[in-house]
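Written below as C-alpha cells is the structure these notes are about.
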Amino acid sequence: MIKILENENFEEVIKEGKWLIDFSAIWCGPCRMIEPILEELSDKYNILKVDVDKHSDIAAKNGIMSIPTLIVYENGKQKNISVGLISKDQIEDLLK
C-alpha cells in the first residue's frame, strides 16, 4: 500500500530504510498512469506519495520542476531520480 504524506514530517518518514518518493498531483495525467504500477510495487517497496500542490515546500526543497518525479532515498539520502512516466522495470532499476 502506498503511504500518502499528510501531516507527517517528510524527513522523519524517509530517515530509515529505502523509500521511493512519488512527487505528483491529482490533475497530472502521467502521474495517474504511473499510480497502478506504484501500487503493485508497494507490496515489495516502501512508497511515499507527495502531492506537490499540498506540499509545495517539500517539492521545492527537493528541486521538483516537473511531475511525475520519482526519487529514491536510502536512510535519508537521495540515491536516484527519474522525471516523467517510466515503466515498471525502470522503476525497479531505480530501486537497485
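Letters A, B, ... mark the chains of the C-alpha cells in the order given; residue numbers begin at 1 per chain; ligand numbers begin at 1, in order shown.
Per DSSP on the backbone, strand (DSSP E or B) in chain A comprises Lys3, Ile4, Lys18, Trp19, Leu20, Ile21, Asp22, Phe23, Ser24, Asn46, Ile47, Leu48, Lys49, Val50, Asp51, Thr69, Leu70, Ile71, Val72, Tyr73, Glu74, Lys77, Gln78, Lys79, Asn80, Ile81, Ser82 and Val83 of chain A.
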Selection: 12 Å around Arg32 in chain A, only C-alpha atoms, excl. self and same-chain fewer than 4 positions, as a PyMOL selection string: chain A and resi 22-28+36-39+49+67-68+84-85
12 Å contact set for Ile64 in chain A, only C-alpha atoms, chain neighbours under 6 positions out, as a list in words: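 Near neighbours after the sequence-gap exclusion: Ile21, Asp22, Phe23, Ser24, Ala25, Val50, Asp51, Val52, Asp53, His55, Ser56, Asp57, Ile58, Leu70, Ile71, Ile81, Ser82, Val83 and Gly84 of chain A.
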Those selected residues, please, written with all heavy atoms and delivered as a CSV table (one decimal), in the first residue's frame.
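Contents of part_33.csv, freshly written:
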chain,number,residue,atom,x,y,z
A,21,ILE,N,9.9,7.9,-3.4
A,21,ILE,CA,9.1,9.1,-3.3
A,21,ILE,C,8.5,9.4,-4.6
A,21,ILE,O,9.2,9.7,-5.6
A,21,ILE,CB,9.8,10.3,-2.7
A,21,ILE,CG1,10.7,9.9,-1.5
A,21,ILE,CG2,8.8,11.4,-2.3
A,21,ILE,CD1,10.0,9.2,-0.3
A,22,ASP,N,7.1,9.5,-4.7
A,22,ASP,CA,6.4,9.8,-5.9
A,22,ASP,C,5.9,11.3,-5.7
A,22,ASP,O,4.9,11.5,-5.0
A,22,ASP,CB,5.3,8.9,-6.1
A,22,ASP,CG,4.3,9.3,-7.2
A,22,ASP,OD1,4.8,10.0,-8.1
A,22,ASP,OD2,3.1,8.9,-7.2
A,23,PHE,N,6.6,12.2,-6.4
A,23,PHE,CA,6.1,13.6,-6.4
A,23,PHE,C,5.1,13.7,-7.5
A,23,PHE,O,5.5,13.5,-8.7
A,23,PHE,CB,7.3,14.6,-6.5
A,23,PHE,CG,8.1,14.6,-5.3
A,23,PHE,CD1,9.2,13.8,-5.2
A,23,PHE,CD2,7.8,15.5,-4.3
A,23,PHE,CE1,10.0,13.9,-4.1
A,23,PHE,CE2,8.6,15.6,-3.1
A,23,PHE,CZ,9.7,14.8,-3.0
A,24,SER,N,3.9,14.0,-7.2
A,24,SER,CA,2.8,14.0,-8.2
A,24,SER,C,1.7,15.0,-7.8
A,24,SER,O,1.8,15.7,-6.8
A,24,SER,CB,2.3,12.6,-8.4
A,24,SER,OG,1.7,12.2,-7.2
A,25,ALA,N,0.7,15.0,-8.7
A,25,ALA,CA,-0.5,15.8,-8.4
A,25,ALA,C,-1.7,15.1,-9.0
A,25,ALA,O,-1.6,14.4,-10.0
A,25,ALA,CB,-0.4,17.2,-9.0
A,50,VAL,N,3.8,12.2,-2.5
A,50,VAL,CA,3.8,13.5,-2.0
A,50,VAL,C,3.1,14.4,-3.1
A,50,VAL,O,3.5,14.5,-4.2
A,50,VAL,CB,5.2,14.1,-1.8
A,50,VAL,CG1,5.2,15.5,-1.4
A,50,VAL,CG2,6.0,13.2,-0.8
A,51,ASP,N,1.9,15.0,-2.7
A,51,ASP,CA,1.2,15.8,-3.6
A,51,ASP,C,1.9,17.2,-3.6
A,51,ASP,O,2.0,17.9,-2.6
A,51,ASP,CB,-0.3,16.0,-3.1
A,51,ASP,CG,-1.2,16.8,-4.0
A,51,ASP,OD1,-0.7,17.8,-4.5
A,51,ASP,OD2,-2.3,16.4,-4.2
A,52,VAL,N,2.4,17.6,-4.8
A,52,VAL,CA,3.2,18.8,-4.9
A,52,VAL,C,2.3,20.1,-4.7
A,52,VAL,O,2.9,21.1,-4.3
A,52,VAL,CB,3.9,18.9,-6.3
A,52,VAL,CG1,4.9,17.8,-6.4
A,52,VAL,CG2,2.9,18.9,-7.4
A,53,ASP,N,1.0,20.0,-4.9
A,53,ASP,CA,0.2,21.1,-4.6
A,53,ASP,C,0.0,21.3,-3.1
A,53,ASP,O,0.0,22.4,-2.6
A,53,ASP,CB,-1.2,20.9,-5.3
A,53,ASP,CG,-1.1,21.0,-6.8
A,53,ASP,OD1,-0.2,21.7,-7.3
A,53,ASP,OD2,-1.9,20.4,-7.4
A,55,HIS,N,2.1,20.1,-0.7
A,55,HIS,CA,3.4,20.1,-0.1
A,55,HIS,C,4.4,20.8,-1.0
A,55,HIS,O,5.5,20.2,-1.2
A,55,HIS,CB,3.8,18.7,0.3
A,55,HIS,CG,2.9,18.0,1.2
A,55,HIS,ND1,2.7,18.3,2.6
A,55,HIS,CD2,2.0,17.0,1.0
A,55,HIS,CE1,1.8,17.5,3.1
A,55,HIS,NE2,1.3,16.7,2.2
A,56,SER,N,4.1,22.0,-1.4
A,56,SER,CA,5.0,22.7,-2.3
A,56,SER,C,6.3,23.0,-1.7
A,56,SER,O,7.3,23.1,-2.4
A,56,SER,CB,4.3,24.0,-2.8
A,56,SER,OG,4.0,24.8,-1.7
A,57,ASP,N,6.4,23.1,-0.3
A,57,ASP,CA,7.7,23.4,0.3
A,57,ASP,C,8.6,22.2,0.2
A,57,ASP,O,9.8,22.3,-0.1
A,57,ASP,CB,7.4,23.7,1.8
A,57,ASP,CG,6.6,22.7,2.6
A,57,ASP,OD1,5.8,22.0,1.9
A,57,ASP,OD2,6.8,22.5,3.8
A,58,ILE,N,8.0,21.0,0.3
A,58,ILE,CA,8.8,19.8,0.2
A,58,ILE,C,9.3,19.6,-1.2
A,58,ILE,O,10.4,19.2,-1.5
A,58,ILE,CB,8.1,18.5,0.7
A,58,ILE,CG1,7.8,18.7,2.2
A,58,ILE,CG2,8.8,17.2,0.4
A,58,ILE,CD1,6.8,17.7,2.8
A,70,LEU,N,10.2,10.7,-9.5
A,70,LEU,CA,10.4,9.6,-8.6
A,70,LEU,C,11.8,9.8,-8.0
A,70,LEU,O,12.8,9.9,-8.8
A,70,LEU,CB,10.3,8.3,-9.2
A,70,LEU,CG,8.9,8.0,-9.9
A,70,LEU,CD1,9.0,6.6,-10.5
A,70,LEU,CD2,7.8,8.0,-8.9
A,71,ILE,N,11.9,9.8,-6.7
A,71,ILE,CA,13.2,9.9,-6.0
A,71,ILE,C,13.4,8.8,-5.1
A,71,ILE,O,12.5,8.5,-4.3
A,71,ILE,CB,13.4,11.3,-5.3
A,71,ILE,CG1,13.3,12.5,-6.3
A,71,ILE,CG2,14.8,11.3,-4.6
A,71,ILE,CD1,13.4,13.8,-5.6
A,81,ILE,N,17.0,9.4,-9.2
A,81,ILE,CA,15.9,10.2,-9.5
A,81,ILE,C,15.5,9.9,-11.0
A,81,ILE,O,16.3,9.6,-11.8
A,81,ILE,CB,16.3,11.7,-9.3
A,81,ILE,CG1,15.1,12.6,-9.5
A,81,ILE,CG2,17.4,12.1,-10.2
A,81,ILE,CD1,15.3,14.0,-9.1
A,82,SER,N,14.2,10.0,-11.2
A,82,SER,CA,13.7,9.9,-12.6
A,82,SER,C,12.5,10.9,-12.7
A,82,SER,O,11.7,11.0,-11.8
A,82,SER,CB,13.2,8.5,-12.8
A,82,SER,OG,12.6,8.4,-14.0
A,83,VAL,N,12.5,11.5,-13.9
A,83,VAL,CA,11.4,12.5,-14.2
A,83,VAL,C,10.6,12.0,-15.4
A,83,VAL,O,11.2,11.6,-16.4
A,83,VAL,CB,12.0,13.9,-14.5
A,83,VAL,CG1,10.9,14.9,-14.8
A,83,VAL,CG2,12.8,14.4,-13.3
A,84,GLY,N,9.3,12.0,-15.2
A,84,GLY,CA,8.5,11.6,-16.3
A,84,GLY,C,8.0,10.2,-16.1
A,84,GLY,O,8.3,9.5,-15.2
Between CA of Met33 in chain A and CA of Asn9 in chain A, distance in Å (one decimal):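 For CA of Met33 in chain A relative to CA of Asn9 in chain A, the distance reads 27.0 Å.
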Within 10 Å of Asn46 in chain A using only C-alpha atoms, minus same-chain residues under 4 positions, as a list in words: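 Neighbouring residues, sequence-local ones excluded: Met1, Ile2, Lys3, Ile14, Gly17, Lys18, Trp19, Leu20, Ile21, Leu38, Leu41, Ser42 and Val72 of chain A.
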Take the residues just selected and output them with N, CA and C atoms as a PDB file, in the first residue's frame.
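The resulting result00.pdb:
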ATOM      1  N   MET A   1       0.833  -1.181   0.000  1.00  0.00           N
ATOM      2  CA  MET A   1       0.000   0.000   0.000  1.00  0.00           C
ATOM      3  C   MET A   1       0.879   1.247   0.000  1.00  0.00           C
ATOM      4  N   ILE A   2       0.546   2.183  -0.834  1.00  0.00           N
ATOM      5  CA  ILE A   2       1.288   3.425  -0.920  1.00  0.00           C
ATOM      6  C   ILE A   2       0.935   4.308   0.272  1.00  0.00           C
ATOM      7  N   LYS A   3       1.974   4.834   0.933  1.00  0.00           N
ATOM      8  CA  LYS A   3       1.758   5.777   2.036  1.00  0.00           C
ATOM      9  C   LYS A   3       1.630   7.170   1.431  1.00  0.00           C
ATOM     10  N   ILE A  14      11.410   9.319   5.866  1.00  0.00           N
ATOM     11  CA  ILE A  14      12.409   8.717   4.978  1.00  0.00           C
ATOM     12  C   ILE A  14      13.760   8.449   5.631  1.00  0.00           C
ATOM     13  N   GLY A  17      15.674   3.178   6.156  1.00  0.00           N
ATOM     14  CA  GLY A  17      15.268   2.270   5.094  1.00  0.00           C
ATOM     15  C   GLY A  17      15.326   2.923   3.731  1.00  0.00           C
ATOM     16  N   LYS A  18      14.828   2.190   2.746  1.00  0.00           N
ATOM     17  CA  LYS A  18      14.796   2.672   1.363  1.00  0.00           C
ATOM     18  C   LYS A  18      13.371   3.060   1.020  1.00  0.00           C
ATOM     19  N   TRP A  19      13.211   4.252   0.454  1.00  0.00           N
ATOM     20  CA  TRP A  19      11.899   4.788   0.094  1.00  0.00           C
ATOM     21  C   TRP A  19      11.898   5.270  -1.350  1.00  0.00           C
ATOM     22  N   LEU A  20      10.833   4.998  -2.049  1.00  0.00           N
ATOM     23  CA  LEU A  20      10.583   5.580  -3.363  1.00  0.00           C
ATOM     24  C   LEU A  20       9.552   6.682  -3.148  1.00  0.00           C
ATOM     25  N   ILE A  21       9.941   7.916  -3.448  1.00  0.00           N
ATOM     26  CA  ILE A  21       9.052   9.051  -3.257  1.00  0.00           C
ATOM     27  C   ILE A  21       8.460   9.434  -4.606  1.00  0.00           C
ATOM     28  N   LEU A  38       2.965   1.789  -9.299  1.00  0.00           N
ATOM     29  CA  LEU A  38       3.470   2.016  -7.944  1.00  0.00           C
ATOM     30  C   LEU A  38       2.664   1.232  -6.917  1.00  0.00           C
ATOM     31  N   LEU A  41       3.942  -2.250  -6.967  1.00  0.00           N
ATOM     32  CA  LEU A  41       5.271  -2.344  -6.364  1.00  0.00           C
ATOM     33  C   LEU A  41       5.262  -2.092  -4.861  1.00  0.00           C
ATOM     34  N   SER A  42       4.196  -1.496  -4.363  1.00  0.00           N
ATOM     35  CA  SER A  42       4.147  -1.154  -2.937  1.00  0.00           C
ATOM     36  C   SER A  42       4.081  -2.388  -2.041  1.00  0.00           C
ATOM     37  N   VAL A  72      14.491   8.090  -5.142  1.00  0.00           N
ATOM     38  CA  VAL A  72      14.788   7.019  -4.197  1.00  0.00           C
ATOM     39  C   VAL A  72      15.681   7.601  -3.104  1.00  0.00           C
TER      40      VAL A  72
END
Expected answer as number ranges by chain: helix (DSSP H, G or I) residues in chain A: A: 10-14, 29-41, 56-61, 88-94
Go ahead and save the residues from that selection, with N, CA and C atoms, as a PDB file, in the first residue's frame.
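Dumped everything to result_31.pdb:
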ATOM      1  N   PHE A  10       8.357  14.875   6.625  1.00  0.00           N
ATOM      2  CA  PHE A  10       8.949  14.173   5.493  1.00  0.00           C
ATOM      3  C   PHE A  10      10.287  13.538   5.859  1.00  0.00           C
ATOM      4  N   GLU A  11      11.162  14.309   6.499  1.00  0.00           N
ATOM      5  CA  GLU A  11      12.487  13.797   6.855  1.00  0.00           C
ATOM      6  C   GLU A  11      12.407  12.633   7.837  1.00  0.00           C
ATOM      7  N   GLU A  12      11.447  12.667   8.745  1.00  0.00           N
ATOM      8  CA  GLU A  12      11.276  11.573   9.700  1.00  0.00           C
ATOM      9  C   GLU A  12      10.833  10.292   9.004  1.00  0.00           C
ATOM     10  N   VAL A  13       9.944  10.420   8.031  1.00  0.00           N
ATOM     11  CA  VAL A  13       9.434   9.245   7.321  1.00  0.00           C
ATOM     12  C   VAL A  13      10.552   8.552   6.558  1.00  0.00           C
ATOM     13  N   ILE A  14      11.410   9.319   5.866  1.00  0.00           N
ATOM     14  CA  ILE A  14      12.409   8.717   4.978  1.00  0.00           C
ATOM     15  C   ILE A  14      13.760   8.449   5.631  1.00  0.00           C
ATOM     16  N   GLY A  29      -1.939  13.767 -15.721  1.00  0.00           N
ATOM     17  CA  GLY A  29      -2.243  12.533 -16.443  1.00  0.00           C
ATOM     18  C   GLY A  29      -1.167  11.466 -16.300  1.00  0.00           C
ATOM     19  N   PRO A  30       0.109  11.767 -16.584  1.00  0.00           N
ATOM     20  CA  PRO A  30       1.157  10.759 -16.419  1.00  0.00           C
ATOM     21  C   PRO A  30       1.280  10.256 -14.973  1.00  0.00           C
ATOM     22  N   CYS A  31       0.987  11.119 -14.008  1.00  0.00           N
ATOM     23  CA  CYS A  31       1.011  10.704 -12.596  1.00  0.00           C
ATOM     24  C   CYS A  31      -0.052   9.640 -12.348  1.00  0.00           C
ATOM     25  N   ARG A  32      -1.222   9.829 -12.929  1.00  0.00           N
ATOM     26  CA  ARG A  32      -2.298   8.846 -12.773  1.00  0.00           C
ATOM     27  C   ARG A  32      -1.962   7.547 -13.496  1.00  0.00           C
ATOM     28  N   MET A  33      -1.206   7.641 -14.589  1.00  0.00           N
ATOM     29  CA  MET A  33      -0.828   6.446 -15.339  1.00  0.00           C
ATOM     30  C   MET A  33       0.201   5.605 -14.593  1.00  0.00           C
ATOM     31  N   ILE A  34       1.071   6.246 -13.834  1.00  0.00           N
ATOM     32  CA  ILE A  34       2.114   5.522 -13.109  1.00  0.00           C
ATOM     33  C   ILE A  34       1.600   4.943 -11.789  1.00  0.00           C
ATOM     34  N   GLU A  35       0.495   5.469 -11.298  1.00  0.00           N
ATOM     35  CA  GLU A  35      -0.030   5.062  -9.992  1.00  0.00           C
ATOM     36  C   GLU A  35      -0.304   3.558  -9.872  1.00  0.00           C
ATOM     37  N   PRO A  36      -0.942   2.898 -10.864  1.00  0.00           N
ATOM     38  CA  PRO A  36      -1.163   1.450 -10.717  1.00  0.00           C
ATOM     39  C   PRO A  36       0.142   0.654 -10.633  1.00  0.00           C
ATOM     40  N   ILE A  37       1.169   1.120 -11.318  1.00  0.00           N
ATOM     41  CA  ILE A  37       2.472   0.451 -11.249  1.00  0.00           C
ATOM     42  C   ILE A  37       3.037   0.587  -9.842  1.00  0.00           C
ATOM     43  N   LEU A  38       2.965   1.789  -9.299  1.00  0.00           N
ATOM     44  CA  LEU A  38       3.470   2.016  -7.944  1.00  0.00           C
ATOM     45  C   LEU A  38       2.664   1.232  -6.917  1.00  0.00           C
ATOM     46  N   GLU A  39       1.364   1.157  -7.134  1.00  0.00           N
ATOM     47  CA  GLU A  39       0.514   0.383  -6.220  1.00  0.00           C
ATOM     48  C   GLU A  39       0.950  -1.087  -6.215  1.00  0.00           C
ATOM     49  N   GLU A  40       1.229  -1.621  -7.386  1.00  0.00           N
ATOM     50  CA  GLU A  40       1.694  -3.002  -7.494  1.00  0.00           C
ATOM     51  C   GLU A  40       3.036  -3.189  -6.792  1.00  0.00           C
ATOM     52  N   LEU A  41       3.942  -2.250  -6.967  1.00  0.00           N
ATOM     53  CA  LEU A  41       5.271  -2.344  -6.364  1.00  0.00           C
ATOM     54  C   LEU A  41       5.262  -2.092  -4.861  1.00  0.00           C
ATOM     55  N   SER A  56       4.083  21.984  -1.379  1.00  0.00           N
ATOM     56  CA  SER A  56       4.973  22.709  -2.295  1.00  0.00           C
ATOM     57  C   SER A  56       6.336  22.998  -1.661  1.00  0.00           C
ATOM     58  N   ASP A  57       6.379  23.126  -0.346  1.00  0.00           N
ATOM     59  CA  ASP A  57       7.652  23.368   0.332  1.00  0.00           C
ATOM     60  C   ASP A  57       8.584  22.170   0.195  1.00  0.00           C
ATOM     61  N   ILE A  58       8.045  20.970   0.349  1.00  0.00           N
ATOM     62  CA  ILE A  58       8.845  19.750   0.215  1.00  0.00           C
ATOM     63  C   ILE A  58       9.267  19.570  -1.243  1.00  0.00           C
ATOM     64  N   ALA A  59       8.348  19.849  -2.162  1.00  0.00           N
ATOM     65  CA  ALA A  59       8.674  19.748  -3.586  1.00  0.00           C
ATOM     66  C   ALA A  59       9.809  20.720  -3.935  1.00  0.00           C
ATOM     67  N   ALA A  60       9.719  21.937  -3.451  1.00  0.00           N
ATOM     68  CA  ALA A  60      10.754  22.931  -3.733  1.00  0.00           C
ATOM     69  C   ALA A  60      12.096  22.508  -3.140  1.00  0.00           C
ATOM     70  N   LYS A  61      12.068  22.011  -1.920  1.00  0.00           N
ATOM     71  CA  LYS A  61      13.303  21.577  -1.254  1.00  0.00           C
ATOM     72  C   LYS A  61      13.975  20.447  -2.020  1.00  0.00           C
ATOM     73  N   LYS A  88       7.556  -0.166 -15.258  1.00  0.00           N
ATOM     74  CA  LYS A  88       7.765  -0.895 -14.006  1.00  0.00           C
ATOM     75  C   LYS A  88       9.217  -1.356 -13.893  1.00  0.00           C
ATOM     76  N   ASP A  89       9.778  -1.886 -14.987  1.00  0.00           N
ATOM     77  CA  ASP A  89      11.173  -2.336 -14.964  1.00  0.00           C
ATOM     78  C   ASP A  89      12.125  -1.181 -14.672  1.00  0.00           C
ATOM     79  N   GLN A  90      11.861  -0.021 -15.253  1.00  0.00           N
ATOM     80  CA  GLN A  90      12.711   1.135 -14.999  1.00  0.00           C
ATOM     81  C   GLN A  90      12.610   1.603 -13.542  1.00  0.00           C
ATOM     82  N   ILE A  91      11.420   1.504 -12.975  1.00  0.00           N
ATOM     83  CA  ILE A  91      11.235   1.873 -11.565  1.00  0.00           C
ATOM     84  C   ILE A  91      12.028   0.916 -10.678  1.00  0.00           C
ATOM     85  N   GLU A  92      11.928  -0.379 -10.991  1.00  0.00           N
ATOM     86  CA  GLU A  92      12.671  -1.361 -10.191  1.00  0.00           C
ATOM     87  C   GLU A  92      14.187  -1.158 -10.334  1.00  0.00           C
ATOM     88  N   ASP A  93      14.643  -0.753 -11.518  1.00  0.00           N
ATOM     89  CA  ASP A  93      16.068  -0.449 -11.700  1.00  0.00           C
ATOM     90  C   ASP A  93      16.491   0.728 -10.826  1.00  0.00           C
ATOM     91  N   LEU A  94      15.610   1.712 -10.680  1.00  0.00           N
ATOM     92  CA  LEU A  94      15.893   2.862  -9.801  1.00  0.00           C
ATOM     93  C   LEU A  94      16.134   2.408  -8.369  1.00  0.00           C
TER      94      LEU A  94
END
Pairwise distance for CA of Ile86 in chain A and CA of Ser66 in chain A, rounded to one decimal in Å: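 Value for the CA of Ile86 in chain A-CA of Ser66 in chain A distance: 13.7 Å.
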